[in-house]
>>> print(open('run12.csv').read())   # CSV, N, CA and C atoms
chain,number,residue,atom,x,y,z
A,1,GLN,N,0.8,-1.2,0.0
A,1,GLN,CA,0.0,0.0,0.0
A,1,GLN,C,0.9,1.3,0.0
A,2,VAL,N,0.4,2.3,-0.6
A,2,VAL,CA,1.0,3.6,-0.7
A,2,VAL,C,0.1,4.6,-0.1
A,3,GLN,N,0.5,5.4,0.9
A,3,GLN,CA,-0.4,6.5,1.4
A,3,GLN,C,0.1,7.8,0.7
A,4,LEU,N,-0.8,8.6,0.4
A,4,LEU,CA,-0.5,9.9,-0.3
A,4,LEU,C,-1.1,11.0,0.6
A,5,VAL,N,-0.2,12.0,0.9
A,5,VAL,CA,-0.7,13.1,1.8
A,5,VAL,C,-0.4,14.4,1.1
A,6,GLU,N,-1.5,15.1,0.8
A,6,GLU,CA,-1.4,16.4,0.1
A,6,GLU,C,-1.2,17.5,1.1
A,7,SER,N,-0.6,18.6,0.6
A,7,SER,CA,-0.5,19.8,1.4
A,7,SER,C,-0.4,21.0,0.5
A,8,GLY,N,-0.6,22.2,1.0
A,8,GLY,CA,-0.4,23.4,0.2
A,8,GLY,C,-1.7,24.1,-0.3
A,9,GLY,N,-2.8,23.5,0.0
A,9,GLY,CA,-4.1,24.2,-0.5
A,9,GLY,C,-4.4,25.4,0.4
A,10,GLY,N,-5.4,26.1,0.0
A,10,GLY,CA,-5.7,27.3,0.8
A,10,GLY,C,-6.6,28.3,0.0
A,11,LEU,N,-6.7,29.5,0.5
A,11,LEU,CA,-7.4,30.6,-0.2
A,11,LEU,C,-6.5,31.5,-0.8
A,12,VAL,N,-6.7,31.8,-2.1
A,12,VAL,CA,-5.9,32.7,-2.8
A,12,VAL,C,-6.8,33.6,-3.7
A,13,GLN,N,-6.3,34.8,-4.0
A,13,GLN,CA,-7.0,35.7,-4.9
A,13,GLN,C,-6.9,35.4,-6.3
A,14,PRO,N,-7.8,35.7,-7.2
A,14,PRO,CA,-7.6,35.5,-8.6
A,14,PRO,C,-6.3,36.1,-9.1
A,15,GLY,N,-5.6,35.3,-10.0
A,15,GLY,CA,-4.3,35.8,-10.5
A,15,GLY,C,-3.2,35.3,-9.6
A,16,GLY,N,-3.5,34.8,-8.4
A,16,GLY,CA,-2.4,34.3,-7.5
A,16,GLY,C,-1.9,33.0,-7.8
A,17,SER,N,-1.0,32.5,-7.0
A,17,SER,CA,-0.4,31.2,-7.2
A,17,SER,C,-0.4,30.3,-5.9
A,18,LEU,N,-0.4,29.0,-6.1
A,18,LEU,CA,-0.3,28.1,-5.0
A,18,LEU,C,0.6,26.9,-5.5
A,19,ARG,N,1.2,26.3,-4.6
A,19,ARG,CA,1.9,25.0,-4.9
A,19,ARG,C,1.4,23.9,-4.0
A,20,LEU,N,0.9,22.9,-4.7
A,20,LEU,CA,0.5,21.7,-3.9
A,20,LEU,C,1.6,20.7,-3.9
A,21,SER,N,1.7,20.0,-2.8
A,21,SER,CA,2.7,18.9,-2.7
A,21,SER,C,1.9,17.6,-2.3
A,22,CYS,N,2.5,16.5,-2.7
A,22,CYS,CA,1.9,15.2,-2.4
A,22,CYS,C,3.1,14.3,-2.0
A,23,ALA,N,3.1,13.9,-0.7
A,23,ALA,CA,4.2,13.0,-0.3
A,23,ALA,C,3.7,11.6,-0.2
A,24,ALA,N,4.4,10.7,-0.8
A,24,ALA,CA,4.1,9.3,-0.7
A,24,ALA,C,4.8,8.5,0.4
A,25,SER,N,4.2,7.5,0.9
A,25,SER,CA,4.8,6.8,2.0
A,25,SER,C,5.9,5.8,1.7
A,26,ARG,N,6.0,5.4,0.4
A,26,ARG,CA,6.9,4.4,0.0
A,26,ARG,C,7.7,4.8,-1.3
A,27,SER,N,8.9,4.3,-1.4
A,27,SER,CA,9.7,4.7,-2.5
A,27,SER,C,9.2,4.1,-3.8
A,28,ILE,N,8.4,3.0,-3.7
A,28,ILE,CA,7.9,2.4,-5.0
A,28,ILE,C,7.1,3.4,-5.7
A,29,PHE,N,6.7,4.5,-5.1
A,29,PHE,CA,5.9,5.6,-5.7
A,29,PHE,C,6.7,6.1,-7.0
A,30,SER,N,8.0,6.0,-6.9
A,30,SER,CA,8.8,6.6,-8.0
A,30,SER,C,8.6,5.8,-9.4
A,31,ILE,N,8.1,4.6,-9.3
A,31,ILE,CA,7.9,3.9,-10.6
A,31,ILE,C,6.5,4.1,-11.2
A,32,TYR,N,5.6,4.8,-10.4
A,32,TYR,CA,4.2,5.0,-10.8
A,32,TYR,C,4.0,6.3,-11.6
A,33,THR,N,3.1,6.3,-12.5
A,33,THR,CA,2.6,7.6,-13.0
A,33,THR,C,1.8,8.2,-11.8
A,34,ALA,N,2.0,9.5,-11.7
A,34,ALA,CA,1.2,10.2,-10.6
A,34,ALA,C,0.5,11.4,-11.2
A,35,GLY,N,-0.4,11.9,-10.5
A,35,GLY,CA,-1.2,13.0,-11.0
A,35,GLY,C,-2.0,13.7,-10.0
A,36,TRP,N,-2.8,14.7,-10.5
A,36,TRP,CA,-3.7,15.5,-9.7
A,36,TRP,C,-5.1,15.5,-10.3
A,37,TYR,N,-6.1,15.1,-9.6
A,37,TYR,CA,-7.5,15.3,-10.0
A,37,TYR,C,-8.0,16.5,-9.2
A,38,ARG,N,-9.1,17.0,-9.7
A,38,ARG,CA,-9.9,18.0,-8.9
A,38,ARG,C,-11.4,17.8,-9.0
A,39,GLN,N,-12.1,18.2,-8.0
A,39,GLN,CA,-13.6,18.1,-8.1
A,39,GLN,C,-14.2,19.3,-7.4
A,40,ALA,N,-15.0,20.0,-8.2
A,40,ALA,CA,-15.7,21.1,-7.6
A,40,ALA,C,-17.1,20.7,-7.3
A,41,PRO,N,-17.8,21.4,-6.4
A,41,PRO,CA,-19.2,21.0,-6.1
A,41,PRO,C,-20.1,21.0,-7.4
A,42,GLY,N,-20.8,19.9,-7.6
A,42,GLY,CA,-21.7,19.9,-8.7
A,42,GLY,C,-21.1,19.6,-10.0
A,43,LYS,N,-19.8,19.4,-10.0
A,43,LYS,CA,-19.1,19.1,-11.3
A,43,LYS,C,-18.4,17.8,-11.3
A,44,GLN,N,-18.1,17.3,-12.5
A,44,GLN,CA,-17.5,16.0,-12.6
A,44,GLN,C,-16.0,16.1,-12.2
A,45,ARG,N,-15.5,15.1,-11.7
A,45,ARG,CA,-14.1,15.0,-11.4
A,45,ARG,C,-13.2,15.1,-12.7
A,46,GLU,N,-12.2,15.9,-12.6
A,46,GLU,CA,-11.3,16.2,-13.7
A,46,GLU,C,-9.9,15.9,-13.4
A,47,LEU,N,-9.2,15.1,-14.4
A,47,LEU,CA,-7.8,14.9,-14.2
A,47,LEU,C,-7.1,16.2,-14.7
A,48,VAL,N,-6.4,16.9,-13.8
A,48,VAL,CA,-5.8,18.1,-14.1
A,48,VAL,C,-4.5,17.9,-14.8
A,49,ALA,N,-3.7,17.1,-14.3
A,49,ALA,CA,-2.3,16.8,-14.8
A,49,ALA,C,-1.8,15.5,-14.3
A,50,ALA,N,-0.9,14.9,-15.1
A,50,ALA,CA,-0.3,13.6,-14.8
A,50,ALA,C,1.1,13.7,-15.2
A,51,ILE,N,2.0,12.9,-14.6
A,51,ILE,CA,3.4,12.8,-14.9
A,51,ILE,C,3.9,11.4,-14.8
A,52,THR,N,4.6,10.9,-15.8
A,52,THR,CA,5.1,9.6,-15.8
A,52,THR,C,6.3,9.4,-14.8
A,53,SER,N,6.7,8.2,-14.6
A,53,SER,CA,7.8,8.0,-13.7
A,53,SER,C,9.1,8.7,-14.3
A,54,GLY,N,9.1,8.8,-15.6
A,54,GLY,CA,10.3,9.4,-16.2
A,54,GLY,C,10.2,10.9,-16.3
A,55,GLY,N,9.0,11.5,-15.9
A,55,GLY,CA,8.9,12.9,-15.9
A,55,GLY,C,8.2,13.5,-17.0
A,56,THR,N,7.5,12.8,-17.9
A,56,THR,CA,6.7,13.3,-19.0
A,56,THR,C,5.4,13.8,-18.5
A,57,PRO,N,5.1,15.1,-18.6
A,57,PRO,CA,3.8,15.6,-18.1
A,57,PRO,C,2.7,15.6,-19.2
A,58,ASN,N,1.5,15.7,-18.8
A,58,ASN,CA,0.4,16.1,-19.6
A,58,ASN,C,-0.7,16.8,-18.8
A,59,TYR,N,-1.4,17.6,-19.5
A,59,TYR,CA,-2.3,18.5,-18.8
A,59,TYR,C,-3.7,18.6,-19.4
A,60,ALA,N,-4.7,18.9,-18.6
A,60,ALA,CA,-6.0,19.2,-19.1
A,60,ALA,C,-5.9,20.5,-19.9
A,61,ASP,N,-6.7,20.7,-20.9
A,61,ASP,CA,-6.7,21.9,-21.6
A,61,ASP,C,-7.0,23.1,-20.8
A,62,SER,N,-7.8,22.9,-19.7
A,62,SER,CA,-8.3,24.0,-18.9
A,62,SER,C,-7.1,24.6,-18.1
A,63,VAL,N,-6.0,23.9,-17.9
A,63,VAL,CA,-4.9,24.4,-17.1
A,63,VAL,C,-3.6,24.6,-17.9
A,64,LYS,N,-3.6,24.2,-19.1
A,64,LYS,CA,-2.3,24.3,-19.9
A,64,LYS,C,-1.8,25.7,-19.9
A,65,GLY,N,-0.5,25.9,-19.7
A,65,GLY,CA,0.1,27.2,-19.6
A,65,GLY,C,0.0,27.9,-18.3
A,66,ARG,N,-0.8,27.3,-17.4
A,66,ARG,CA,-0.9,27.9,-16.0
A,66,ARG,C,-0.4,27.0,-14.9
A,67,PHE,N,-0.6,25.7,-15.1
A,67,PHE,CA,-0.2,24.7,-14.1
A,67,PHE,C,1.0,23.9,-14.6
A,68,THR,N,1.9,23.6,-13.6
A,68,THR,CA,3.0,22.7,-13.9
A,68,THR,C,3.1,21.6,-12.9
A,69,ILE,N,3.2,20.4,-13.4
A,69,ILE,CA,3.3,19.2,-12.6
A,69,ILE,C,4.8,18.8,-12.6
A,70,SER,N,5.3,18.4,-11.5
A,70,SER,CA,6.7,17.9,-11.4
A,70,SER,C,6.8,16.9,-10.3
A,71,ARG,N,7.9,16.2,-10.3
A,71,ARG,CA,8.1,15.2,-9.2
A,71,ARG,C,9.6,15.1,-8.8
A,72,ASP,N,9.8,14.7,-7.6
A,72,ASP,CA,11.1,14.5,-7.1
A,72,ASP,C,11.1,13.1,-6.5
A,73,ASN,N,11.6,12.1,-7.3
A,73,ASN,CA,11.5,10.7,-6.9
A,73,ASN,C,12.4,10.4,-5.7
A,74,ALA,N,13.4,11.2,-5.5
A,74,ALA,CA,14.2,10.9,-4.3
A,74,ALA,C,13.5,11.3,-3.0
A,75,LYS,N,12.5,12.2,-3.2
A,75,LYS,CA,11.7,12.6,-2.0
A,75,LYS,C,10.3,11.9,-2.0
A,76,ASN,N,10.1,11.1,-3.0
A,76,ASN,CA,8.7,10.4,-3.2
A,76,ASN,C,7.6,11.5,-3.2
A,77,THR,N,7.8,12.6,-3.9
A,77,THR,CA,6.9,13.7,-3.8
A,77,THR,C,6.6,14.2,-5.2
A,78,VAL,N,5.3,14.5,-5.4
A,78,VAL,CA,4.9,15.2,-6.7
A,78,VAL,C,4.3,16.5,-6.3
A,79,TYR,N,4.5,17.5,-7.2
A,79,TYR,CA,4.1,18.9,-7.0
A,79,TYR,C,3.1,19.3,-8.1
A,80,LEU,N,2.3,20.3,-7.8
A,80,LEU,CA,1.5,21.0,-8.8
A,80,LEU,C,1.6,22.5,-8.5
A,81,GLN,N,2.4,23.1,-9.4
A,81,GLN,CA,2.5,24.6,-9.3
A,81,GLN,C,1.3,25.2,-10.1
A,82,MET,N,0.5,26.0,-9.4
A,82,MET,CA,-0.6,26.6,-10.0
A,82,MET,C,-0.5,28.1,-10.1
A,83,ASN,N,-0.4,28.7,-11.2
A,83,ASN,CA,-0.3,30.1,-11.4
A,83,ASN,C,-1.5,30.7,-12.1
A,84,SER,N,-1.6,32.0,-12.1
A,84,SER,CA,-2.8,32.7,-12.7
A,84,SER,C,-4.1,32.0,-12.4
A,85,LEU,N,-4.3,31.8,-11.1
A,85,LEU,CA,-5.5,31.1,-10.7
A,85,LEU,C,-6.7,31.8,-10.9
A,86,LYS,N,-7.8,31.1,-11.3
A,86,LYS,CA,-9.1,31.7,-11.6
A,86,LYS,C,-10.1,31.1,-10.6
A,87,PRO,N,-11.2,31.8,-10.4
A,87,PRO,CA,-12.3,31.3,-9.5
A,87,PRO,C,-12.7,29.9,-9.9
A,88,GLU,N,-12.7,29.6,-11.2
A,88,GLU,CA,-13.1,28.2,-11.7
A,88,GLU,C,-12.1,27.1,-11.3
A,89,ASP,N,-11.0,27.5,-10.8
A,89,ASP,CA,-10.0,26.5,-10.3
A,89,ASP,C,-10.4,26.0,-8.9
A,90,THR,N,-11.3,26.7,-8.3
A,90,THR,CA,-11.8,26.3,-6.9
A,90,THR,C,-12.3,24.9,-6.9
A,91,ALA,N,-11.7,24.0,-6.1
A,91,ALA,CA,-12.1,22.6,-6.0
A,91,ALA,C,-11.3,21.9,-4.9
A,92,VAL,N,-11.6,20.7,-4.6
A,92,VAL,CA,-10.8,19.8,-3.8
A,92,VAL,C,-9.8,19.1,-4.8
A,93,TYR,N,-8.5,19.2,-4.5
A,93,TYR,CA,-7.5,18.6,-5.4
A,93,TYR,C,-7.0,17.3,-4.7
A,94,TYR,N,-7.0,16.3,-5.5
A,94,TYR,CA,-6.6,15.0,-5.0
A,94,TYR,C,-5.3,14.5,-5.7
A,95,CYS,N,-4.4,14.0,-5.0
A,95,CYS,CA,-3.2,13.4,-5.5
A,95,CYS,C,-3.5,11.9,-5.8
A,96,VAL,N,-3.0,11.4,-6.9
A,96,VAL,CA,-3.2,10.1,-7.3
A,96,VAL,C,-1.9,9.4,-7.8
A,97,SER,N,-1.9,8.1,-7.7
A,97,SER,CA,-0.7,7.4,-8.3
A,97,SER,C,-1.1,6.0,-8.7
A,98,ASP,N,-0.2,5.4,-9.5
A,98,ASP,CA,-0.3,4.0,-10.0
A,98,ASP,C,-1.5,3.9,-10.9
A,99,ARG,N,-1.3,4.4,-12.1
A,99,ARG,CA,-2.3,4.4,-13.2
A,99,ARG,C,-2.5,3.0,-13.7
A,100,ARG,N,-3.7,2.5,-13.6
A,100,ARG,CA,-4.0,1.1,-14.2
A,100,ARG,C,-5.1,1.3,-15.2
A,101,ALA,N,-5.5,0.2,-15.9
A,101,ALA,CA,-6.5,0.2,-16.9
A,101,ALA,C,-7.8,0.7,-16.3
A,102,SER,N,-8.1,0.4,-15.0
A,102,SER,CA,-9.3,0.8,-14.4
A,102,SER,C,-9.2,2.2,-13.8
A,103,GLY,N,-8.1,2.9,-13.9
A,103,GLY,CA,-7.9,4.2,-13.3
A,103,GLY,C,-6.8,4.2,-12.3
A,104,PHE,N,-6.6,5.3,-11.6
A,104,PHE,CA,-5.6,5.4,-10.6
A,104,PHE,C,-6.0,4.6,-9.4
A,105,TYR,N,-5.0,3.9,-8.8
A,105,TYR,CA,-5.3,3.0,-7.7
A,105,TYR,C,-5.2,3.7,-6.4
A,106,TYR,N,-4.2,4.6,-6.2
A,106,TYR,CA,-4.0,5.2,-4.9
A,106,TYR,C,-4.5,6.7,-4.9
A,107,TRP,N,-5.1,7.1,-3.9
A,107,TRP,CA,-5.7,8.4,-3.8
A,107,TRP,C,-5.3,9.1,-2.4
A,108,GLY,N,-5.0,10.4,-2.5
A,108,GLY,CA,-4.9,11.1,-1.2
A,108,GLY,C,-6.2,11.5,-0.7
A,109,GLN,N,-6.2,12.2,0.4
A,109,GLN,CA,-7.4,12.6,1.1
A,109,GLN,C,-8.0,13.9,0.5
A,110,GLY,N,-7.2,14.6,-0.2
A,110,GLY,CA,-7.7,15.9,-0.9
A,110,GLY,C,-7.3,17.1,-0.1
A,111,THR,N,-7.1,18.2,-0.8
A,111,THR,CA,-6.8,19.5,-0.2
A,111,THR,C,-7.6,20.5,-0.9
A,112,GLN,N,-8.2,21.4,-0.2
A,112,GLN,CA,-9.1,22.4,-0.7
A,112,GLN,C,-8.3,23.6,-1.3
A,113,VAL,N,-8.7,24.0,-2.5
A,113,VAL,CA,-8.2,25.2,-3.1
A,113,VAL,C,-9.3,26.1,-3.4
A,114,THR,N,-9.3,27.3,-2.9
A,114,THR,CA,-10.4,28.3,-3.1
A,114,THR,C,-9.8,29.6,-3.7
A,115,VAL,N,-10.3,30.0,-4.8
A,115,VAL,CA,-9.8,31.2,-5.5
A,115,VAL,C,-11.0,32.2,-5.5
A,116,SER,N,-10.7,33.2,-4.7
A,116,SER,CA,-11.8,34.2,-4.5
A,116,SER,C,-11.2,35.5,-4.1
A,117,PRO,N,-11.9,36.6,-4.5
A,117,PRO,CA,-11.4,38.0,-4.2
A,117,PRO,C,-11.4,38.2,-2.7
>>> encode(input="run12.csv", output="structure tokens")
Amino acid sequence: QVQLVESGGGLVQPGGSLRLSCAASRSIFSIYTAGWYRQAPGKQRELVAAITSGGTPNYADSVKGRFTISRDNAKNTVYLQMNSLKPEDTAVYYCVSDRRASGFYYWGQGTQVTVSP
């Protein structure tokens, strides 16, 4: 089992930045694709960004050019740098890892991001 613990959420004004971190409990995390989902009230869950074990990222169209996903395998940690935040980015953000045919197997508990004046 791998436990994922997110941190870094909070309240920020539109146009501001936040960096989310996700620390994994085991070094095997480094061989998994990892990513970030988000879910806003009344909306479908969205895969915001993912990154392979080798560091290749991909992004949802809604965040391209504003968000950057990265990872430090030595620290078993994945990051999501969020810039130029908009109110529509408000959601609970979940760290995920171990992408399988049925979806991501490991999920964190989520961290709230609120973008508001």
>>> select_by_dssp(input="run12.csv", residues="range 10-114 of chain A", states="helix (DSSP H, G or I)", output="mmCIF file with N, CA and C atoms, keeping the file's coordinate frame")
data_model
loop_
_atom_site.group_PDB
_atom_site.id
_atom_site.type_symbol
_atom_site.label_atom_id
_atom_site.label_comp_id
_atom_site.auth_asym_id
_atom_site.auth_seq_id
_atom_site.Cartn_x
_atom_site.Cartn_y
_atom_site.Cartn_z
ATOM 1 N N SER A 27 8.900 4.300 -1.400
ATOM 2 C CA SER A 27 9.700 4.700 -2.500
ATOM 3 C C SER A 27 9.200 4.100 -3.800
ATOM 4 N N ILE A 28 8.400 3.000 -3.700
ATOM 5 C CA ILE A 28 7.900 2.400 -5.000
ATOM 6 C C ILE A 28 7.100 3.400 -5.700
ATOM 7 N N PHE A 29 6.700 4.500 -5.100
ATOM 8 C CA PHE A 29 5.900 5.600 -5.700
ATOM 9 C C PHE A 29 6.700 6.100 -7.000
ATOM 10 N N SER A 30 8.000 6.000 -6.900
ATOM 11 C CA SER A 30 8.800 6.600 -8.000
ATOM 12 C C SER A 30 8.600 5.800 -9.400
ATOM 13 N N ILE A 31 8.100 4.600 -9.300
ATOM 14 C CA ILE A 31 7.900 3.900 -10.600
ATOM 15 C C ILE A 31 6.500 4.100 -11.200
ATOM 16 N N ASN A 73 11.600 12.100 -7.300
ATOM 17 C CA ASN A 73 11.500 10.700 -6.900
ATOM 18 C C ASN A 73 12.400 10.400 -5.700
ATOM 19 N N ALA A 74 13.400 11.200 -5.500
ATOM 20 C CA ALA A 74 14.200 10.900 -4.300
ATOM 21 C C ALA A 74 13.500 11.300 -3.000
ATOM 22 N N LYS A 75 12.500 12.200 -3.200
ATOM 23 C CA LYS A 75 11.700 12.600 -2.000
ATOM 24 C C LYS A 75 10.300 11.900 -2.000
ATOM 25 N N PRO A 87 -11.200 31.800 -10.400
ATOM 26 C CA PRO A 87 -12.300 31.300 -9.500
ATOM 27 C C PRO A 87 -12.700 29.900 -9.900
ATOM 28 N N GLU A 88 -12.700 29.600 -11.200
ATOM 29 C CA GLU A 88 -13.100 28.200 -11.700
ATOM 30 C C GLU A 88 -12.100 27.100 -11.300
ATOM 31 N N ASP A 89 -11.000 27.500 -10.800
ATOM 32 C CA ASP A 89 -10.000 26.500 -10.300
ATOM 33 C C ASP A 89 -10.400 26.000 -8.900
#
>>> residues_around(input="run12.csv", residues="Leu18 in chain A", least_positions_apart="2", cutoff="12 Å", atoms="only C-alpha atoms", output="ChimeraX atom specification")
/A:7-16,20-21,66-68,79-86,89-90,93,111-115
>>> residues_around(input="run12.csv", residues="Ser97 in chain A", least_positions_apart="3", cutoff="5 Å", atoms="only N, CA and C atoms", output="PyMOL selection string")
chain A and resi 33-35+104-106
>>> closest_residue(input="run12.csv", among="A:Gln1, A:Gln39, A:Ser27, A:Thr56", to="Asn73 in chain A", atoms="only C-alpha atoms")
A:Ser27
>>> closest_residue(input="run12.csv", among="A:Asp98, A:Ile31, A:Ile69, A:Pro87", to="Ala49 in chain A", atoms="all atoms listed in the file")
A:Ile69
>>> residues_near_point(input="run12.csv", point="(7.8, 4.4, -13.6)", cutoff="6.5 Å", atoms="only N, CA and C atoms", output="list of chain:residue names")
A:Ser30, A:Ile31, A:Tyr32, A:Thr33, A:Thr52, A:Ser53, A:Gly54
>>> atom_distance(input="run12.csv", atom1="atom C of Val2 in chain A", atom2="CA of Val63 in chain A")
26.6 Å
>>> atom_distance(input="run12.csv", atom1="atom C of Ala24 in chain A", atom2="atom N of Gly42 in chain A")
29.1 Å
>>> atom_distance(input="run12.csv", atom1="atom N of Trp107 in chain A", atom2="atom C of Ala91 in chain A")
16.1 Å
>>> closest_residue(input="run12.csv", among="A:Val92, A:Pro117, A:Val78, A:Ser17", to="Ala40 in chain A", atoms="all atoms listed in the file")
A:Val92
>>> residues_around(input="run12.csv", residues="Cys95 in chain A", least_positions_apart="6", cutoff="6.5 Å", atoms="only N, CA and C atoms", output="list in words")
Glu6, Cys22, Gly35, Trp36, Tyr37, Tyr106, Trp107, Gly108, Gln109 and Gly110 of chain A
>>> write_last_selection(input="run12.csv", atoms="N, CA and C atoms", output="short mmCIF file (atom, residue, chain, number, x, y, z; two decimals), in the coordinates of the input")
data_model
loop_
_atom_site.label_atom_id
_atom_site.label_comp_id
_atom_site.auth_asym_id
_atom_site.auth_seq_id
_atom_site.Cartn_x
_atom_site.Cartn_y
_atom_site.Cartn_z
N GLU A 6 -1.50 15.10 0.80
CA GLU A 6 -1.40 16.40 0.10
C GLU A 6 -1.20 17.50 1.10
N CYS A 22 2.50 16.50 -2.70
CA CYS A 22 1.90 15.20 -2.40
C CYS A 22 3.10 14.30 -2.00
N GLY A 35 -0.40 11.90 -10.50
CA GLY A 35 -1.20 13.00 -11.00
C GLY A 35 -2.00 13.70 -10.00
N TRP A 36 -2.80 14.70 -10.50
CA TRP A 36 -3.70 15.50 -9.70
C TRP A 36 -5.10 15.50 -10.30
N TYR A 37 -6.10 15.10 -9.60
CA TYR A 37 -7.50 15.30 -10.00
C TYR A 37 -8.00 16.50 -9.20
N TYR A 106 -4.20 4.60 -6.20
CA TYR A 106 -4.00 5.20 -4.90
C TYR A 106 -4.50 6.70 -4.90
N TRP A 107 -5.10 7.10 -3.90
CA TRP A 107 -5.70 8.40 -3.80
C TRP A 107 -5.30 9.10 -2.40
N GLY A 108 -5.00 10.40 -2.50
CA GLY A 108 -4.90 11.10 -1.20
C GLY A 108 -6.20 11.50 -0.70
N GLN A 109 -6.20 12.20 0.40
CA GLN A 109 -7.40 12.60 1.10
C GLN A 109 -8.00 13.90 0.50
N GLY A 110 -7.20 14.60 -0.20
CA GLY A 110 -7.70 15.90 -0.90
C GLY A 110 -7.30 17.10 -0.10
#
>>> closest_residue(input="run12.csv", among="A:Leu47, A:Arg99, A:Arg38, A:Val5", to="Ala23 in chain A", atoms="all atoms listed in the file")
A:Val5
>>> select_by_dssp(input="run12.csv", residues="range 15-91 of chain A", states="strand (DSSP E)", output="number ranges by chain")
A: 18-24, 34-39, 46-51, 57-59, 67-72, 77-82, 91
>>> build_atoms(input="run12.csv", residues="range 81-87 of chain A", atoms="all heavy atoms", output="tab-separated table (two decimals), in the frame of the given file")
chain	number	residue	atom	x	y	z
A	81	GLN	N	2.40	23.10	-9.40
A	81	GLN	CA	2.50	24.60	-9.30
A	81	GLN	C	1.30	25.20	-10.10
A	81	GLN	O	1.19	24.94	-11.27
A	81	GLN	CB	3.82	25.05	-9.87
A	81	GLN	CG	4.01	26.56	-9.88
A	81	GLN	CD	4.11	27.16	-8.48
A	81	GLN	OE1	4.77	26.60	-7.61
A	81	GLN	NE2	3.44	28.28	-8.27
A	82	MET	N	0.50	26.00	-9.40
A	82	MET	CA	-0.60	26.60	-10.00
A	82	MET	C	-0.50	28.10	-10.10
A	82	MET	O	-0.39	28.76	-9.01
A	82	MET	CB	-1.89	26.23	-9.24
A	82	MET	CG	-2.06	24.73	-9.07
A	82	MET	SD	-3.60	24.27	-8.28
A	82	MET	CE	-3.34	24.94	-6.64
A	83	ASN	N	-0.40	28.70	-11.20
A	83	ASN	CA	-0.30	30.10	-11.40
A	83	ASN	C	-1.50	30.70	-12.10
A	83	ASN	O	-2.28	29.93	-12.72
A	83	ASN	CB	0.98	30.43	-12.27
A	83	ASN	CG	2.26	29.96	-11.60
A	83	ASN	OD1	2.37	29.94	-10.38
A	83	ASN	ND2	3.24	29.58	-12.40
A	84	SER	N	-1.60	32.00	-12.10
A	84	SER	CA	-2.80	32.70	-12.70
A	84	SER	C	-4.10	32.00	-12.40
A	84	SER	O	-4.91	31.72	-13.28
A	84	SER	CB	-2.55	32.69	-14.26
A	84	SER	OG	-1.33	33.31	-14.59
A	85	LEU	N	-4.30	31.80	-11.10
A	85	LEU	CA	-5.50	31.10	-10.70
A	85	LEU	C	-6.70	31.80	-10.90
A	85	LEU	O	-6.77	33.08	-10.86
A	85	LEU	CB	-5.34	30.71	-9.20
A	85	LEU	CG	-4.42	29.52	-8.91
A	85	LEU	CD1	-3.98	29.50	-7.46
A	85	LEU	CD2	-5.11	28.21	-9.27
A	86	LYS	N	-7.80	31.10	-11.30
A	86	LYS	CA	-9.10	31.70	-11.60
A	86	LYS	C	-10.10	31.10	-10.60
A	86	LYS	O	-9.94	30.00	-10.05
A	86	LYS	CB	-9.50	31.26	-13.00
A	86	LYS	CG	-8.51	31.62	-14.08
A	86	LYS	CD	-8.94	31.07	-15.42
A	86	LYS	CE	-7.93	31.39	-16.51
A	86	LYS	NZ	-8.35	30.84	-17.82
A	87	PRO	N	-11.20	31.80	-10.40
A	87	PRO	CA	-12.30	31.30	-9.50
A	87	PRO	C	-12.70	29.90	-9.90
A	87	PRO	O	-13.06	29.05	-9.06
A	87	PRO	CB	-13.39	32.30	-9.67
A	87	PRO	CG	-12.68	33.58	-9.99
A	87	PRO	CD	-11.53	33.17	-10.86
